[in-house]
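Undergrad: Sharing structure20.cif here; it has mmCIF, C-alpha atoms (C1' of nucleotides).
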```cif
data_my_file
loop_
_atom_site.label_atom_id
_atom_site.label_comp_id
_atom_site.auth_asym_id
_atom_site.auth_seq_id
_atom_site.Cartn_x
_atom_site.Cartn_y
_atom_site.Cartn_z
CA MET A 470 87.48 139.64 62.77
CA SER A 471 88.22 140.11 66.43
CA ASN A 472 84.69 139.25 67.31
CA ASN A 473 84.67 139.77 71.03
CA GLY A 474 80.97 139.19 71.28
CA TYR A 475 79.96 142.80 71.43
CA THR A 476 77.54 143.34 68.58
CA GLY A 477 76.96 147.02 69.08
CA HIS A 478 73.44 147.77 67.99
CA VAL A 479 72.41 144.72 69.95
CA GLU A 480 69.70 142.47 68.69
CA LEU A 481 67.60 142.33 71.81
CA HIS A 482 66.76 138.80 72.62
CA GLU A 483 63.09 138.82 73.58
CA PRO A 484 61.65 135.33 73.36
CA ASP A 485 58.11 134.25 72.77
CA LEU A 486 56.66 133.77 76.24
CA THR A 487 55.23 130.38 75.36
CA ALA A 488 58.75 129.23 74.55
CA VAL A 489 60.09 130.07 77.99
CA PRO A 490 59.89 127.25 80.55
CA VAL A 491 57.80 128.08 83.58
CA THR A 492 60.76 127.42 85.79
CA ALA A 493 62.71 130.12 83.98
CA VAL A 494 59.95 132.66 84.53
CA LEU A 495 59.72 131.76 88.19
CA ALA A 496 63.48 131.80 88.62
CA ALA A 497 63.63 135.24 87.04
CA LEU A 498 61.11 136.51 89.57
CA ALA A 499 62.72 134.76 92.51
CA ASP A 500 65.25 137.48 93.24
CA ASP A 501 64.87 140.57 95.36
CA VAL A 502 66.62 142.96 93.03
CA ARG A 503 64.65 141.81 90.02
CA LEU A 504 61.45 141.96 91.99
CA GLN A 505 62.20 145.58 92.81
CA ILE A 506 62.62 146.22 89.11
CA VAL A 507 59.38 144.49 88.23
CA ARG A 508 57.48 146.39 90.91
CA ALA A 509 58.87 149.68 89.70
CA LEU A 510 57.84 148.82 86.16
CA ALA A 511 54.39 147.84 87.30
CA GLU A 512 53.61 151.32 88.53
CA GLY A 513 55.77 153.38 86.27
CA GLY A 514 54.95 152.24 82.78
CA GLU A 515 58.24 152.67 80.99
CA HIS A 516 61.54 153.19 82.76
CA ALA A 517 64.93 154.22 81.50
CA CYS A 518 67.52 151.78 82.78
CA ASN A 519 69.25 154.29 84.97
CA THR A 520 66.09 155.33 86.79
CA PHE A 521 65.82 152.21 88.86
CA ASP A 522 66.71 152.93 92.44
CA ILE A 523 68.09 149.54 93.32
CA GLY A 524 71.34 149.43 95.21
CA VAL A 525 73.63 147.71 92.75
CA SER A 526 76.31 148.60 90.23
CA LYS A 527 75.39 149.25 86.65
CA ALA A 528 76.97 145.97 85.61
CA THR A 529 74.73 144.11 88.00
CA ARG A 530 71.70 146.10 86.95
CA SER A 531 72.41 145.29 83.33
CA HIS A 532 72.68 141.63 84.23
CA HIS A 533 69.32 141.55 85.98
CA LEU A 534 67.58 143.39 83.19
CA LYS A 535 68.95 140.81 80.80
CA VAL A 536 67.61 137.97 82.90
CA LEU A 537 64.16 139.54 82.97
CA ARG A 538 64.25 140.22 79.26
CA GLU A 539 65.31 136.70 78.35
CA ALA A 540 62.67 135.24 80.60
CA GLY A 541 60.06 137.07 78.58
CA ILE A 542 59.08 139.37 81.40
CA THR A 543 60.20 142.68 79.96
CA ARG A 544 60.64 144.34 76.62
CA THR A 545 63.36 146.84 75.84
CA ARG A 546 63.46 149.71 73.42
CA ALA A 547 66.63 151.56 72.50
CA ALA A 548 66.55 155.31 71.97
CA GLY A 549 69.67 157.39 71.76
CA THR A 550 72.17 156.29 74.35
CA SER A 551 69.42 155.11 76.65
CA ARG A 552 67.25 152.08 76.83
CA TYR A 553 63.67 151.96 77.94
CA VAL A 554 62.22 148.94 79.64
CA ARG A 555 58.61 147.95 80.13
CA LEU A 556 56.66 145.02 81.51
CA ARG A 557 55.05 142.53 79.16
CA ARG A 558 52.07 142.70 81.41
CA ASP A 559 49.30 141.64 79.06
CA GLU A 560 51.16 138.62 77.77
CA LEU A 561 52.07 137.54 81.25
CA ASN A 562 48.53 137.94 82.50
CA LYS A 563 47.20 135.97 79.60
CA LEU A 564 49.64 133.11 79.91
CA TYR A 565 49.97 133.05 83.68
CA PRO A 566 46.91 134.77 85.08
CA GLY A 567 47.46 135.82 88.66
CA LEU A 568 51.19 135.41 88.63
CA LEU A 569 52.07 139.07 88.33
CA ASP A 570 49.51 140.10 90.91
CA ALA A 571 50.82 137.48 93.28
CA VAL A 572 54.28 138.88 92.90
CA LEU A 573 53.40 142.55 92.84
CA THR A 574 51.30 142.72 95.95
CA PRO A 575 53.73 143.61 98.74
CA ARG A 576 51.78 141.73 101.39
CA PRO A 577 48.40 140.31 100.47
CA PRO A 578 45.88 140.96 103.25
CA ALA A 579 45.48 137.42 104.60
CA MET B 160 74.98 115.71 124.63
CA SER B 161 76.53 115.05 121.25
CA ASN B 162 73.87 116.97 119.47
CA ASN B 163 74.58 116.23 115.86
CA GLY B 164 71.47 117.99 114.71
CA TYR B 165 69.39 114.91 114.30
CA THR B 166 66.36 115.30 116.50
CA GLY B 167 64.78 111.98 115.79
CA HIS B 168 61.02 112.32 115.89
CA VAL B 169 61.57 115.43 113.84
CA GLU B 170 59.62 118.56 114.58
CA LEU B 171 58.52 119.32 111.07
CA HIS B 172 59.29 122.88 110.23
CA GLU B 173 56.18 124.20 108.53
CA PRO B 174 56.19 127.99 108.55
CA ASP B 175 53.30 130.36 108.42
CA LEU B 176 52.93 131.20 104.75
CA THR B 177 52.75 134.91 105.45
CA ALA B 178 56.17 134.66 107.05
CA VAL B 179 57.80 133.25 103.93
CA PRO B 180 59.23 135.82 101.51
CA VAL B 181 57.69 135.72 98.07
CA THR B 182 61.10 135.11 96.58
CA ALA B 183 61.43 131.95 98.66
CA VAL B 184 58.10 130.63 97.41
CA LEU B 185 59.03 131.40 93.84
CA ALA B 186 62.49 129.91 94.21
CA ALA B 187 60.98 126.75 95.64
CA LEU B 188 58.77 126.43 92.58
CA ALA B 189 61.52 127.32 90.12
CA ASP B 190 62.91 123.81 89.84
CA ASP B 191 61.86 121.00 87.57
CA VAL B 192 62.04 118.24 90.11
CA ARG B 193 60.06 120.17 92.67
CA LEU B 194 57.52 121.15 90.07
CA GLN B 195 57.02 117.49 89.26
CA ILE B 196 56.34 116.89 92.92
CA VAL B 197 53.89 119.76 93.16
CA ARG B 198 52.05 118.61 90.06
CA ALA B 199 51.78 115.09 91.39
CA LEU B 200 50.43 116.42 94.65
CA ALA B 201 47.94 118.59 92.84
CA GLU B 202 46.17 115.63 91.33
CA GLY B 203 46.83 113.01 93.89
CA GLY B 204 45.79 114.53 97.17
CA GLU B 205 48.17 112.94 99.64
CA HIS B 206 51.32 111.15 98.61
CA ALA B 207 53.70 108.95 100.53
CA CYS B 208 57.25 110.15 99.94
CA ASN B 209 58.30 107.07 98.04
CA THR B 210 55.46 107.25 95.54
CA PHE B 211 56.87 110.13 93.60
CA ASP B 212 58.19 108.99 90.29
CA ILE B 213 60.93 111.54 89.85
CA GLY B 214 64.31 110.34 88.73
CA VAL B 215 66.47 111.17 91.70
CA SER B 216 67.99 109.45 94.69
CA LYS B 217 66.12 109.36 97.96
CA ALA B 218 68.58 111.82 99.45
CA THR B 219 67.78 114.29 96.72
CA ARG B 220 64.08 113.65 97.00
CA SER B 221 64.23 114.28 100.71
CA HIS B 222 66.06 117.52 100.06
CA HIS B 223 63.46 118.80 97.63
CA LEU B 224 60.60 117.88 99.89
CA LYS B 225 62.28 119.84 102.63
CA VAL B 226 62.63 122.88 100.41
CA LEU B 227 58.94 122.74 99.53
CA ARG B 228 57.95 122.25 103.14
CA GLU B 229 60.05 125.12 104.42
CA ALA B 230 58.72 127.39 101.70
CA GLY B 231 55.24 126.77 103.04
CA ILE B 232 54.09 124.90 99.98
CA THR B 233 53.52 121.47 101.48
CA ARG B 234 52.56 119.93 104.77
CA THR B 235 53.89 116.60 106.01
CA ARG B 236 52.34 114.03 108.28
CA ALA B 237 54.29 111.15 109.79
CA ALA B 238 52.64 107.76 110.14
CA GLY B 239 54.61 104.64 110.96
CA THR B 240 57.78 104.56 108.98
CA SER B 241 56.28 106.61 106.20
CA ARG B 242 55.57 110.26 105.68
CA TYR B 243 52.65 111.68 103.84
CA VAL B 244 52.89 114.94 101.97
CA ARG B 245 50.11 117.20 100.76
CA LEU B 246 49.78 120.59 99.10
CA ARG B 247 48.77 123.60 101.15
CA ARG B 248 46.53 124.49 98.31
CA ASP B 249 43.92 126.62 100.05
CA GLU B 250 46.46 128.74 101.85
CA LEU B 251 48.45 129.26 98.69
CA ASN B 252 45.38 130.17 96.70
CA LYS B 253 44.31 132.63 99.33
CA LEU B 254 47.66 134.33 99.68
CA TYR B 255 48.78 134.09 96.07
CA PRO B 256 45.68 133.63 93.96
CA GLY B 257 46.55 132.28 90.55
CA LEU B 258 50.06 131.25 91.40
CA LEU B 259 49.39 127.54 91.73
CA ASP B 260 47.25 127.44 88.63
CA ALA B 261 49.93 129.27 86.71
CA VAL B 262 52.44 126.67 87.76
CA LEU B 263 50.26 123.62 87.47
CA THR B 264 48.93 124.14 83.99
CA PRO B 265 51.38 122.30 81.72
CA ARG B 266 50.96 124.69 78.81
CA PRO B 267 48.23 127.31 78.97
CA PRO B 268 46.41 127.55 75.63
CA ALA B 269 47.71 130.93 74.46
"C1'" DT C 1306 86.74 165.78 66.33
"C1'" DC C 1307 87.10 164.57 70.78
"C1'" DC C 1308 84.87 163.80 75.13
"C1'" DA C 1309 81.19 162.60 78.32
"C1'" DA C 1310 77.27 159.64 79.28
"C1'" DT C 1311 74.72 155.28 78.97
"C1'" DG C 1312 74.92 150.32 78.69
"C1'" DT C 1313 76.99 145.98 77.72
"C1'" DT C 1314 80.50 142.37 78.17
"C1'" DC C 1315 84.42 140.09 80.32
"C1'" DG C 1316 86.85 138.01 84.14
"C1'" DA C 1317 87.11 136.82 88.78
"C1'" DG C 1318 85.52 136.14 93.47
"C1'" DT C 1319 82.10 134.44 96.37
"C1'" DA C 1320 78.11 132.19 97.56
"C1'" DT C 1321 74.33 129.20 96.88
"C1'" DC C 1322 72.07 125.10 94.72
"C1'" DT C 1323 71.74 120.35 93.05
"C1'" DT C 1324 73.12 115.87 93.40
"C1'" DC C 1325 74.80 111.65 95.25
"C1'" DG C 1326 76.71 107.82 98.40
"C1'" DA C 1327 77.34 106.70 103.00
"C1'" DA C 1328 76.03 106.73 107.66
"C1'" DC C 1329 72.35 107.21 110.53
"C1'" DC C 1330 67.61 106.99 113.08
"C1'" DA C 1331 63.01 105.16 114.00
"C1'" DA C 1332 59.30 101.88 113.31
"C1'" DC C 1333 57.69 97.49 112.23
"C1'" DG C 1334 57.85 92.27 111.43
"C1'" DG C 1335 59.39 87.95 111.94
"C1'" DC D 323 65.95 90.87 119.29
"C1'" DC D 324 67.71 91.45 115.10
"C1'" DG D 325 67.15 92.65 110.22
"C1'" DT D 326 64.43 95.27 106.86
"C1'" DT D 327 62.29 99.31 105.24
"C1'" DG D 328 61.33 104.38 104.77
"C1'" DG D 329 63.54 108.95 105.50
"C1'" DT D 330 66.79 112.12 107.15
"C1'" DT D 331 71.42 114.14 107.67
"C1'" DC D 332 76.26 114.67 106.51
"C1'" DG D 333 80.11 115.61 103.48
"C1'" DA D 334 81.80 116.50 99.08
"C1'" DA D 335 81.75 117.44 94.20
"C1'" DG D 336 80.12 120.04 90.40
"C1'" DA D 337 77.23 123.45 88.45
"C1'" DT D 338 74.85 128.00 88.68
"C1'" DA D 339 74.01 132.47 90.35
"C1'" DC D 340 75.13 137.22 92.11
"C1'" DT D 341 78.26 140.85 92.39
"C1'" DC D 342 81.68 144.06 91.14
"C1'" DG D 343 85.54 146.73 88.64
"C1'" DA D 344 87.56 147.27 84.34
"C1'" DA D 345 87.39 147.61 79.48
"C1'" DC D 346 84.62 148.38 75.66
"C1'" DA D 347 80.93 150.08 72.14
"C1'" DT D 348 77.50 153.65 70.78
"C1'" DT D 349 75.37 157.93 70.84
"C1'" DG D 350 75.24 162.75 71.08
"C1'" DG D 351 76.91 167.22 72.29
"C1'" DA D 352 80.81 170.84 73.05
#
```
Take the structure in this file and express it as structure tokens.
TA:
Amino acid sequence: MSNNGYTGHVELHEPDLTAVPVTAVLAALADDVRLQIVRALAEGGEHACNTFDIGVSKATRSHHLKVLREAGITRTRAAGTSRYVRLRRDELNKLYPGLLDAVLTPRPPA
Amino acid sequence: MSNNGYTGHVELHEPDLTAVPVTAVLAALADDVRLQIVRALAEGGEHACNTFDIGVSKATRSHHLKVLREAGITRTRAAGTSRYVRLRRDELNKLYPGLLDAVLTPRPPA
DNA sequence: TCCAATGTTCGAGTATCTTCGAACCAACGG
DNA sequence: CCGTTGGTTCGAAGATACTCGAACATTGGA
């Protein structure tokens, strides 16, 4: 067997947003690196993983993308050796109206 | 001197909301106990500290109230031996419209 | 077929968070 | 004036979280 946990062809774990506790969504957004990712996604549509200009190793980047994905904030599509990430913007806005805007705005004008 | 950090008659540290990083606000809300507190405050107006029915010791309760206060989410008033806490609802709604609602609603209907 | 590129996972180090009991302070009441 | 009551702070224990290098899997091209 030698199942070391690597499944290859990974089944991306992308939960139903209604099944994710609010605290998990908030916790996922309560990190500077992940917020950078979310902001980049908000303007850029779809991003390949390696196009994020955050200052961390690829292991760390992978970790943060996983946290966002499992919190129901992003969706990931695999194509070739790359992976493309996008925001689940509509779902988020429907379930938590205002949340994304609150987070995306760099500094709301008073 | 013997300044052990206890100031008695504590100067309550209640920051300007615009000075609090978004991540700090989100992190403050990303906890079940604190969310219980916020929800109680949202319906109840002003609460004395000991009227929260969360299942933790008073030390822990004090800790969480401090986190909320220093994140700019609550304001505290001292009267006699008690302390009265209230939500900074208007400020939050102005700076992060939708955030409180997103957090307060137990389970938004799809 | 072998190698390079892209991501993921593991393991470990470090830091931060949550929680509590104990000790403490301040205000009020007998 | 002393004890009670409401809250805070301290110190410590345990649990999570962030970060990285190393090792690995998968794809695609030379």
Undergrad: I'd like to see the residues matched by the PyMOL selection byres ((chain D) within 7 of (chain A)) on this file, and ideally I'd get them as a list in words.
TA: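 Answer for the PyMOL selection byres ((chain D) within 7 of (chain A)): DT341, DA347, DT348 and DT349 of chain D.
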Undergrad: Can you write out the residues you just picked, keeping C-alpha atoms (C1' of nucleotides), as a CSV table (one decimal), keeping the file's coordinate frame?
TA:
```csv
chain,number,residue,atom,x,y,z
D,341,DT,C1',78.3,140.8,92.4
D,347,DA,C1',80.9,150.1,72.1
D,348,DT,C1',77.5,153.6,70.8
D,349,DT,C1',75.4,157.9,70.8
```
Undergrad: Give me, please, the distance in Å between atom CA of A:Thr520 and atom CA of B:Ala189, quoted to one decimal.
TA: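 The value is 28.6 Å.
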Undergrad: Report as a list in words the residues that result from applying the PyMOL selection byres ((chain C) within 9 of (chain B)) to the structure here.
TA: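 This file, filtered by the PyMOL selection byres ((chain C) within 9 of (chain B)), leaves DT1323, DT1324, DC1325, DC1330, DA1331, DA1332 and DC1333 of chain C.
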Undergrad: From the set B:Leu171, B:Val181, B:Ala230, B:Ala201, which residue has the shortest atom-to-atom contact distance to chain A, counting all atoms listed in the file?
TA: B:Val181
Undergrad: Could you expand the PyMOL selection byres ((chain B) within 9 of (chain A)) into the explicit residues it covers here, written as an MDAnalysis selection string?
TA: chainID B and resid 177 181:191 194 253:262 264:269
Undergrad: Write out chain A, as a CSV table (one decimal) with C-alpha atoms, in the frame of the given file, after superposing it onto chain B by least squares using every C-alpha atom paired in order.
TA:
```csv
chain,number,residue,atom,x,y,z
A,470,MET,CA,75.4,115.0,124.4
A,471,SER,CA,76.7,114.1,121.0
A,472,ASN,CA,74.0,116.2,119.4
A,473,ASN,CA,74.7,115.5,115.7
A,474,GLY,CA,71.6,117.4,114.7
A,475,TYR,CA,69.4,114.5,114.2
A,476,THR,CA,66.4,115.0,116.4
A,477,GLY,CA,64.6,111.8,115.6
A,478,HIS,CA,60.9,112.5,115.9
A,479,VAL,CA,61.5,115.6,113.9
A,480,GLU,CA,59.6,118.7,114.6
A,481,LEU,CA,58.5,119.5,111.1
A,482,HIS,CA,59.2,123.0,110.2
A,483,GLU,CA,56.1,124.3,108.5
A,484,PRO,CA,56.1,128.1,108.5
A,485,ASP,CA,53.2,130.5,108.4
A,486,LEU,CA,52.8,131.3,104.7
A,487,THR,CA,52.6,135.0,105.3
A,488,ALA,CA,56.0,134.8,107.0
A,489,VAL,CA,57.7,133.4,103.9
A,490,PRO,CA,59.1,135.9,101.4
A,491,VAL,CA,57.6,135.8,98.0
A,492,THR,CA,61.0,135.2,96.5
A,493,ALA,CA,61.3,132.0,98.6
A,494,VAL,CA,58.0,130.7,97.4
A,495,LEU,CA,59.0,131.4,93.8
A,496,ALA,CA,62.4,130.0,94.2
A,497,ALA,CA,60.9,126.8,95.6
A,498,LEU,CA,58.7,126.5,92.6
A,499,ALA,CA,61.5,127.3,90.1
A,500,ASP,CA,62.9,123.8,89.9
A,501,ASP,CA,61.9,121.0,87.6
A,502,VAL,CA,62.1,118.3,90.2
A,503,ARG,CA,60.0,120.2,92.7
A,504,LEU,CA,57.5,121.2,90.1
A,505,GLN,CA,57.0,117.5,89.3
A,506,ILE,CA,56.4,116.9,93.0
A,507,VAL,CA,53.9,119.8,93.2
A,508,ARG,CA,52.1,118.6,90.1
A,509,ALA,CA,51.8,115.1,91.4
A,510,LEU,CA,50.4,116.4,94.7
A,511,ALA,CA,48.0,118.6,92.8
A,512,GLU,CA,46.2,115.6,91.3
A,513,GLY,CA,46.9,113.0,93.9
A,514,GLY,CA,45.8,114.5,97.2
A,515,GLU,CA,48.2,113.0,99.7
A,516,HIS,CA,51.4,111.2,98.6
A,517,ALA,CA,53.8,109.0,100.6
A,518,CYS,CA,57.3,110.2,100.0
A,519,ASN,CA,58.4,107.2,98.2
A,520,THR,CA,55.6,107.3,95.7
A,521,PHE,CA,57.0,110.2,93.7
A,522,ASP,CA,58.3,109.0,90.4
A,523,ILE,CA,61.0,111.6,90.0
A,524,GLY,CA,64.4,110.4,88.8
A,525,VAL,CA,66.5,111.3,91.8
A,526,SER,CA,68.1,109.6,94.8
A,527,LYS,CA,66.2,109.5,98.1
A,528,ALA,CA,68.6,112.0,99.6
A,529,THR,CA,67.8,114.4,96.8
A,530,ARG,CA,64.1,113.7,97.1
A,531,SER,CA,64.3,114.4,100.8
A,532,HIS,CA,66.1,117.7,100.1
A,533,HIS,CA,63.5,118.9,97.7
A,534,LEU,CA,60.6,118.0,100.0
A,535,LYS,CA,62.3,120.0,102.7
A,536,VAL,CA,62.6,123.0,100.5
A,537,LEU,CA,58.9,122.8,99.6
A,538,ARG,CA,57.9,122.3,103.2
A,539,GLU,CA,60.0,125.2,104.4
A,540,ALA,CA,58.6,127.5,101.7
A,541,GLY,CA,55.2,126.9,103.0
A,542,ILE,CA,54.0,125.0,100.0
A,543,THR,CA,53.5,121.5,101.5
A,544,ARG,CA,52.5,120.0,104.8
A,545,THR,CA,53.9,116.7,106.0
A,546,ARG,CA,52.4,114.1,108.3
A,547,ALA,CA,54.3,111.3,109.8
A,548,ALA,CA,52.7,107.8,110.2
A,549,GLY,CA,54.7,104.8,111.0
A,550,THR,CA,57.9,104.7,109.1
A,551,SER,CA,56.4,106.7,106.3
A,552,ARG,CA,55.6,110.3,105.7
A,553,TYR,CA,52.7,111.7,103.9
A,554,VAL,CA,52.9,115.0,102.0
A,555,ARG,CA,50.1,117.2,100.8
A,556,LEU,CA,49.8,120.6,99.1
A,557,ARG,CA,48.7,123.6,101.1
A,558,ARG,CA,46.5,124.5,98.3
A,559,ASP,CA,43.9,126.6,100.0
A,560,GLU,CA,46.4,128.8,101.8
A,561,LEU,CA,48.4,129.3,98.6
A,562,ASN,CA,45.3,130.2,96.6
A,563,LYS,CA,44.2,132.6,99.2
A,564,LEU,CA,47.6,134.3,99.6
A,565,TYR,CA,48.7,134.1,96.0
A,566,PRO,CA,45.6,133.6,93.9
A,567,GLY,CA,46.5,132.2,90.4
A,568,LEU,CA,50.0,131.2,91.3
A,569,LEU,CA,49.4,127.5,91.7
A,570,ASP,CA,47.2,127.4,88.5
A,571,ALA,CA,49.9,129.2,86.6
A,572,VAL,CA,52.4,126.6,87.7
A,573,LEU,CA,50.3,123.6,87.4
A,574,THR,CA,49.0,124.1,83.9
A,575,PRO,CA,51.5,122.2,81.7
A,576,ARG,CA,51.0,124.5,78.8
A,577,PRO,CA,48.3,127.1,79.0
A,578,PRO,CA,46.4,127.4,75.7
A,579,ALA,CA,47.6,130.7,74.4
```
Undergrad: Would you mind reading off the distance between atom CA of B:Glu205 and atom CA of B:Leu224, one decimal, in Å?
TA: 13.4 Å
Undergrad: Between atom CA of A:Arg552 and atom CA of A:Ala517, what distance in Å does the model show, to one decimal?
TA: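 The value is 5.6 Å.
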Undergrad: Enclose stretch 524-535 of chain A, meaning all of its atoms listed in the file, in a box aligned along x, y and z, pad it by 6 Å on each side, and list the centre and edge lengths in Å to one decimal, as JSON.
TA:
```
{"center_x": 72.3, "center_y": 145.1, "center_z": 88.0, "size_x": 21.4, "size_y": 20.6, "size_z": 26.4}
```
Undergrad: With distances taken over all atoms listed in the file, which of A:Val502, A:Ile542, A:Val489, A:Ile523 is nearest to A:Arg555?
TA: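 Nearest candidate to A:Arg555 out of A:Val502, A:Ile542, A:Val489, A:Ile523: A:Ile542.
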